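Participant: Enclosed is the structure file model.csv (CSV, C-alpha atoms and all ligand atoms).
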chain,number,residue,atom,x,y,z
T,152,MET,CA,-4.3,92.6,162.2
T,153,LEU,CA,-3.8,89.1,163.7
T,154,LEU,CA,-5.7,87.5,160.9
T,155,PHE,CA,-3.6,89.4,158.5
T,156,LEU,CA,-0.4,88.2,160.1
T,157,ALA,CA,-1.7,84.6,160.2
T,158,ALA,CA,-2.6,84.8,156.5
T,159,LEU,CA,0.8,86.2,155.7
T,160,LEU,CA,2.5,83.3,157.5
T,161,ALA,CA,0.3,80.7,155.9
T,162,LEU,CA,0.9,82.3,152.5
T,163,SER,CA,4.7,82.5,152.7
T,164,GLY,CA,4.8,78.8,153.9
T,165,GLY,CA,2.6,77.8,151.0
T,166,ALA,CA,4.7,79.7,148.5
T,167,LEU,CA,7.9,78.1,149.7
T,168,SER,CA,6.5,74.6,149.6
T,169,LEU,CA,5.2,75.2,146.0
T,170,ASP,CA,8.7,76.0,144.9
T,171,LYS,CA,10.1,73.0,146.6
T,172,LEU,CA,7.7,70.8,144.7
T,173,ASN,CA,8.7,72.1,141.3
T,174,MET,CA,12.3,73.3,141.0
T,175,CYS,CA,15.7,72.5,139.6
T,176,MET,CA,18.8,72.2,141.6
T,177,ASP,CA,21.7,74.5,141.0
T,178,ALA,CA,24.1,72.0,139.5
T,179,LYS,CA,26.3,71.5,136.4
T,180,HIS,CA,23.7,70.9,133.6
T,181,HIS,CA,20.3,71.6,135.2
T,182,LYS,CA,17.9,74.2,133.7
T,183,VAL,CA,17.1,77.2,135.9
T,184,GLU,CA,13.4,76.3,136.0
T,185,PRO,CA,11.6,73.1,135.1
T,186,GLY,CA,9.3,73.0,132.0
T,187,PRO,CA,8.1,70.9,129.1
T,188,GLU,CA,10.9,69.3,126.9
T,189,GLY,CA,9.1,67.5,124.1
T,190,ALA,CA,12.3,66.0,122.6
T,191,LEU,CA,13.8,64.2,125.6
T,192,TYR,CA,15.6,61.1,124.4
T,193,LEU,CA,14.8,57.4,125.0
T,194,GLN,CA,15.1,56.6,128.7
T,195,CYS,CA,14.7,60.2,129.7
T,196,SER,CA,11.4,60.6,127.8
T,197,PRO,CA,9.1,60.0,130.8
T,198,TRP,CA,10.1,63.5,132.0
T,199,ARG,CA,9.0,65.2,128.8
T,200,ASP,CA,6.0,67.0,130.4
T,201,ASN,CA,8.1,68.7,133.0
T,202,ALA,CA,11.9,68.5,133.2
T,203,CYS,CA,15.1,70.0,134.5
T,204,CYS,CA,17.1,68.5,131.7
T,205,THR,CA,17.4,69.7,128.1
T,206,ALA,CA,17.1,67.4,125.1
T,207,ASN,CA,20.9,67.7,124.7
T,208,THR,CA,21.5,66.5,128.3
T,209,SER,CA,19.0,63.6,127.9
T,210,GLU,CA,20.8,62.4,124.7
T,211,GLU,CA,24.2,62.7,126.3
T,212,ALA,CA,23.0,60.7,129.3
T,213,HIS,CA,22.9,57.7,127.1
T,214,ASN,CA,26.5,58.0,125.9
T,215,ASP,CA,29.7,56.4,127.4
T,216,ASN,CA,32.2,59.1,128.5
T,217,SER,CA,29.6,61.7,127.6
T,218,TYR,CA,30.4,65.4,127.7
T,219,LEU,CA,28.2,65.7,130.8
T,220,TYR,CA,30.8,64.4,133.3
T,221,ASN,CA,33.3,62.4,131.1
T,222,PHE,CA,32.4,59.5,133.4
T,223,ASN,CA,33.6,56.1,132.4
T,224,TRP,CA,31.2,53.3,133.3
T,225,ASN,CA,33.7,50.8,131.9
T,226,HIS,CA,36.4,51.3,134.4
T,227,CYS,CA,36.7,47.6,135.2
T,228,GLY,CA,36.0,46.2,131.7
T,229,ALA,CA,32.9,46.8,129.7
T,230,MET,CA,29.9,47.3,131.9
T,231,SER,CA,27.0,45.0,130.8
T,232,SER,CA,24.2,46.7,128.9
T,233,LYS,CA,21.6,45.6,131.4
T,234,CYS,CA,23.6,47.2,134.2
T,235,LYS,CA,24.3,50.4,132.2
T,236,GLU,CA,20.6,50.8,131.6
T,237,HIS,CA,20.2,51.6,135.3
T,238,PHE,CA,23.0,54.1,135.3
T,239,ILE,CA,21.4,55.8,132.3
T,240,GLN,CA,18.1,55.9,134.2
T,241,ASP,CA,19.8,57.2,137.3
T,242,THR,CA,21.3,60.0,135.2
T,243,CYS,CA,17.9,60.8,133.7
T,244,PHE,CA,16.4,60.9,137.2
T,245,TYR,CA,19.2,63.1,138.5
T,246,GLU,CA,19.3,65.5,135.5
T,247,CYS,CA,15.6,65.7,134.7
T,248,SER,CA,13.6,65.4,138.0
T,249,PRO,CA,11.7,68.6,139.0
T,250,HIS,CA,10.5,67.1,142.2
T,251,LEU,CA,13.7,66.6,144.3
T,252,GLY,CA,13.2,69.8,146.3
T,253,PRO,CA,12.8,68.2,149.7
T,254,TRP,CA,16.3,66.6,149.4
T,255,ILE,CA,18.3,69.4,147.7
T,256,GLN,CA,21.2,70.5,149.9
T,257,PRO,CA,23.9,73.1,149.4
T,258,VAL,CA,27.3,71.6,148.7
T,259,ASP,CA,30.8,73.0,148.4
T,260,GLN,CA,32.0,71.5,145.1
T,261,SER,CA,33.7,73.2,142.1
T,262,TRP,CA,31.2,71.7,139.6
T,263,ARG,CA,27.9,72.3,141.4
T,264,LYS,CA,26.3,74.4,144.2
T,265,GLU,CA,23.7,71.9,145.2
T,266,ARG,CA,23.3,68.1,145.5
T,267,ILE,CA,20.6,65.7,146.6
T,268,LEU,CA,20.9,63.8,149.9
T,269,ASN,CA,19.0,60.8,151.2
T,270,VAL,CA,16.3,60.6,148.5
T,271,PRO,CA,14.2,57.6,149.5
T,272,ILE,CA,14.2,55.3,146.5
T,273,CYS,CA,11.8,52.5,145.9
T,274,LYS,CA,12.8,49.0,146.9
T,275,GLU,CA,12.2,47.5,143.4
T,276,ASP,CA,14.2,50.2,141.6
T,277,CYS,CA,17.2,49.7,143.9
T,278,GLU,CA,17.0,45.9,143.9
T,279,ARG,CA,16.7,45.5,140.2
T,280,TRP,CA,19.6,47.8,139.7
T,281,TRP,CA,21.8,45.7,141.9
T,282,GLU,CA,20.5,42.4,140.4
T,283,ASP,CA,21.2,43.6,136.9
T,284,CYS,CA,24.8,44.7,137.9
T,285,LYS,CA,25.8,41.9,140.2
T,286,ASN,CA,27.9,40.1,137.5
T,287,ASP,CA,29.8,43.3,136.7
T,288,PHE,CA,33.0,44.6,138.2
T,289,THR,CA,34.1,47.8,139.9
T,290,CYS,CA,36.9,49.0,142.1
T,291,LYS,CA,35.2,51.6,144.3
T,292,THR,CA,32.2,51.9,146.6
T,293,ASP,CA,31.8,55.7,146.3
T,294,TRP,CA,31.8,56.7,142.7
T,295,HIS,CA,31.7,60.5,143.5
T,296,LYS,CA,35.3,60.7,144.7
T,297,GLY,CA,38.7,59.2,144.8
T,298,TRP,CA,39.2,58.4,141.1
T,299,ASP,CA,42.3,59.0,139.1
T,300,TRP,CA,41.2,61.7,136.7
T,301,SER,CA,44.7,62.4,135.3
T,302,SER,CA,43.8,61.0,131.9
T,303,GLY,CA,40.6,63.2,131.7
T,304,THR,CA,38.3,60.4,132.5
T,305,ASN,CA,38.0,58.4,135.7
T,306,LYS,CA,40.2,55.4,136.2
T,307,CYS,CA,40.6,53.1,139.2
T,308,PRO,CA,43.2,54.6,141.6
T,309,LYS,CA,46.2,52.3,141.8
T,310,ASP,CA,45.5,51.1,145.3
T,311,SER,CA,42.0,49.8,144.4
T,312,LYS,CA,41.6,46.6,142.4
T,313,CYS,CA,38.6,45.6,140.2
T,314,ARG,CA,36.5,43.2,142.2
T,315,LYS,CA,33.2,41.4,141.7
T,316,TRP,CA,30.2,43.8,142.2
T,317,THR,CA,28.9,41.7,145.0
T,318,ASP,CA,32.3,41.9,146.8
T,319,VAL,CA,32.1,45.7,146.6
T,320,PHE,CA,28.4,46.0,147.3
T,321,ALA,CA,27.1,43.2,149.4
T,322,THR,CA,23.5,44.3,149.2
T,323,PRO,CA,21.2,46.5,147.1
T,324,LYS,CA,21.1,48.9,150.0
T,325,SER,CA,24.8,49.3,150.3
T,326,MET,CA,25.1,50.0,146.5
T,327,CYS,CA,22.2,52.5,146.3
T,328,GLU,CA,23.4,54.4,149.4
T,329,GLN,CA,27.2,54.3,148.9
T,330,ILE,CA,27.6,54.7,145.2
T,331,TRP,CA,26.7,58.4,145.1
T,332,SER,CA,27.7,59.2,148.7
T,333,ASN,CA,24.2,59.0,150.1
T,334,SER,CA,22.3,60.8,147.4
T,335,TYR,CA,19.8,57.9,147.8
T,336,ILE,CA,18.5,56.1,150.8
T,337,TYR,CA,17.3,52.5,150.4
T,338,THR,CA,13.7,52.0,151.6
T,339,THR,CA,11.5,48.9,151.9
T,340,TYR,CA,8.6,50.9,150.3
T,341,THR,CA,7.3,49.5,147.1
T,342,LYS,CA,6.5,51.6,143.9
T,343,ASP,CA,2.7,51.6,144.7
T,344,SER,CA,3.3,53.0,148.2
T,345,GLY,CA,3.5,56.7,147.4
T,346,ARG,CA,6.3,56.9,150.0
T,347,CYS,CA,9.4,56.4,147.7
T,348,MET,CA,10.8,58.0,144.6
T,349,GLN,CA,10.7,56.0,141.4
T,350,LEU,CA,13.7,56.0,139.0
T,351,TRP,CA,11.6,54.0,136.5
T,352,PHE,CA,8.1,55.0,135.6
T,353,THR,CA,5.7,55.5,132.6
T,354,GLY,CA,2.9,57.9,132.3
T,355,ALA,CA,2.4,60.9,134.7
T,356,ASN,CA,5.4,61.5,137.0
T,357,PRO,CA,4.5,59.7,140.3
T,358,ASN,CA,7.2,61.5,142.2
T,359,LYS,CA,5.5,64.8,142.7
T,360,LYS,CA,3.0,63.3,145.2
T,361,VAL,CA,5.9,61.6,147.0
T,362,ALA,CA,7.8,64.9,147.3
T,363,GLU,CA,4.6,66.6,148.6
T,364,TYR,CA,4.2,63.9,151.2
T,365,TYR,CA,7.8,64.3,152.5
T,366,LEU,CA,7.6,68.1,152.4
T,367,ASN,CA,4.4,68.1,154.4
T,368,ALA,CA,5.9,65.6,156.9
T,369,ALA,CA,8.9,67.9,157.3
T,370,GLN,CA,6.6,70.9,157.9
T,371,ARG,CA,4.5,69.0,160.4
T,372,GLY,CA,7.8,68.6,162.2
T,373,GLN,CA,8.3,72.3,162.1
T,374,SER,CA,4.8,73.3,163.2
T,375,TYR,CA,5.9,73.9,166.8
T,376,PRO,CA,8.2,76.9,166.0
T,377,VAL,CA,5.5,78.4,163.7
T,378,THR,CA,2.9,78.1,166.5
T,379,THR,CA,5.4,79.6,169.0
T,380,LEU,CA,6.0,82.5,166.6
T,381,LEU,CA,2.3,83.1,166.3
T,382,PHE,CA,1.9,82.9,170.1
T,383,LEU,CA,4.7,85.5,170.6
T,384,THR,CA,3.1,87.8,168.0
T,385,VAL,CA,-0.3,87.6,169.7
T,386,THR,CA,1.2,88.1,173.1
T,387,SER,CA,3.3,91.1,172.1
T,388,PHE,CA,0.2,92.6,170.3
T,389,PHE,CA,-1.8,92.4,173.6
T,390,VAL,CA,1.1,93.7,175.7
T,391,THR,CA,1.5,96.7,173.4
T,392,MET,CA,-2.3,97.4,173.3
T,393,PHE,CA,-3.1,97.1,176.9
A,1,LIG,C1,25.3,68.8,123.5
A,1,LIG,O1,26.0,70.1,123.6
A,1,LIG,C2,27.4,70.0,123.7
A,1,LIG,C3,27.9,71.4,124.1
A,1,LIG,O2,27.3,72.4,123.3
A,1,LIG,C4,27.9,69.5,122.4
A,1,LIG,O3,29.3,69.4,122.4
A,1,LIG,C5,27.3,68.1,122.1
A,1,LIG,O4,27.7,67.6,120.9
A,1,LIG,C6,25.8,68.1,122.2
A,1,LIG,N1,25.3,66.8,122.1
A,1,LIG,C7,24.3,66.4,121.4
A,1,LIG,C8,23.9,65.0,121.5
A,1,LIG,O5,23.7,67.2,120.6
Write the structure described by the file as structure tokens, please.
Facilitator:
Amino acid sequence: MLLFLAALLALSGGALSLDKLNMCMDAKHHKVEPGPEGALYLQCSPWRDNACCTANTSEEAHNDNSYLYNFNWNHCGAMSSKCKEHFIQDTCFYECSPHLGPWIQPVDQSWRKERILNVPICKEDCERWWEDCKNDFTCKTDWHKGWDWSSGTNKCPKDSKCRKWTDVFATPKSMCEQIWSNSYIYTTYTKDSGRCMQLWFTGANPNKKVAEYYLNAAQRGQSYPVTTLLFLTVTSFFVTMF
């Protein structure tokens, strides 16, 4: 009886964590379940083996003012191509990643039910992004909200002037964390650490192991209540029996 209960607990915990390691968030363009997508386009192609994005989404991710979000990268003059490359990669990561489970949170927004929060991103990916954009211009720190959408695409609200990138984002950390309202958290972990998520990779997706690490870390943090539950079950069993 006790063994059965313990097995049940272990099994349900295991099943939950398996889902969290291979799932798609409930958002605007994500598939319901991850799976192979042989035709993913250019920068999104590393996710071909297992993706939450469709080929259509992956192609649109490369377009200015794409049908995905009508988002205008060129709101303070044309964004340089080396900077834009990072925003395309960021879009591929957001739309295609099947391993964001540990950081998916419910959100009360008209265009999506879930978002990512505090995904630990690798130092090099964040720093190169900032380096490649630092001669560009923008008018806002948080690109999720506060735009003037009256024309159908985002324009700078009239109280915010275009400024040098480095005046808006003094450091790589401030850019990575603020630009998508804390979807990312800057880390000092490097890409070989296994402790941070990689926006840029080739070959097998390295992020599954990272998600597994953080999921297990979170469960170790929760092991006390599970132990308590087991203790209570055992106690009540003996109290009932004897
Ligand atoms: C993707 O799908 C949308 C909606 O069906 C369509 O308007 C768009 O042209 C498609 N894009 C590509 C690149 O096929």
Participant: Got a sec: who's within 10 Å of Phe288 (chain T), counting only C-alpha atoms, leaving out chain neighbours fewer than 3 positions off, as a list in words?
Facilitator: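 Near Phe288 (chain T), the qualifying residues are Asn225, His226, Cys227, Gly228, Ala229, Met230, Ser231, Cys284, Lys285, Lys291, Lys312, Cys313, Arg314, Lys315, Trp316, Thr317, Asp318 and Val319 of chain T.
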Participant: Name the closest residue to Glu328 (chain T) among the candidates T:Cys203, T:Cys307, T:Val270, T:Ala369; distances are taken between atoms, counting all atoms listed in the file.
Facilitator: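 Closest candidate: T:Val270.
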Participant: Which one is closest to ligand LIG 1 (chain A): T:Trp281, T:Asn173, T:Lys306, T:Glu211? Count only C-alpha atoms and all ligand atoms.
Facilitator: T:Glu211
Participant: In Å to one decimal, how far is CA of Asn269 (chain T) from CA of Tyr365 (chain T)?
Facilitator: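 Calculated distance between CA of Tyr365 (chain T) and CA of Asn269 (chain T) is 11.8 Å.
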Participant: Can you pull out every residue within 10 Å of region 252-257 of chain T, counting all atoms listed in the file, but drop anything in the same chain fewer than 2 positions away, and send it as JSON, numbers by chain?
Facilitator: {"T": [168, 169, 170, 171, 172, 173, 174, 175, 176, 177, 178, 248, 249, 250, 259, 260, 263, 264, 265, 266, 267, 268, 269, 270, 271, 334, 335, 359, 361, 362, 363, 364, 365, 366, 367, 369]}
Participant: Work out how far apart CA of Ala368 (chain T) and CA of Asn356 (chain T) are and give it in Å to one decimal.
Facilitator: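 Separation between CA of Ala368 (chain T) and CA of Asn356 (chain T): 20.3 Å.
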Participant: Could you pull out the residues sitting within 10 Å of ligand LIG 1 (chain A), using only C-alpha atoms and all ligand atoms, and write them as a list of chain:residue names?
Facilitator: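 With only C-alpha atoms and all ligand atoms and a cut-off of 10 Å, ligand LIG 1 (chain A) is contacted by T:Tyr192, T:Thr205, T:Ala206, T:Asn207, T:Thr208, T:Ser209, T:Glu210, T:Glu211, T:Ala212, T:His213, T:Asn214, T:Ser217, T:Tyr218, T:Leu219.
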Participant: What gap, in Å, lies between CA of Cys273 (chain T) and CA of Thr339 (chain T)?
Facilitator: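 Distance between the two atoms: 7.0 Å.
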Participant: Tell me which of T:Thr242, T:Thr338, T:Cys204, T:Ala355 sits closest to Leu191 (chain T), counting all atoms listed in the file.
Facilitator: T:Cys204
Participant: Pick out the closest residue to Ala321 (chain T) from this set: T:His237, T:Asn358, T:Trp294, T:Glu278. Count only C-alpha atoms.
Facilitator: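 Smallest distance to Ala321 (chain T) is found for T:Glu278.
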Participant: Measuring between only C-alpha atoms, which one of T:Asp276, T:Thr353, T:Asp241, T:Phe222 shows the shortest distance to Ser302 (chain T)?
Facilitator: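 The shortest atom-to-atom distance to Ser302 (chain T) comes from T:Phe222.
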Participant: Which of these, T:Lys309, T:His295, T:Lys179, T:Lys274, has the shortest distance to Glu246 (chain T) once you count all atoms listed in the file?
Facilitator: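 Among the listed residues, T:Lys179 lies closest to Glu246 (chain T).
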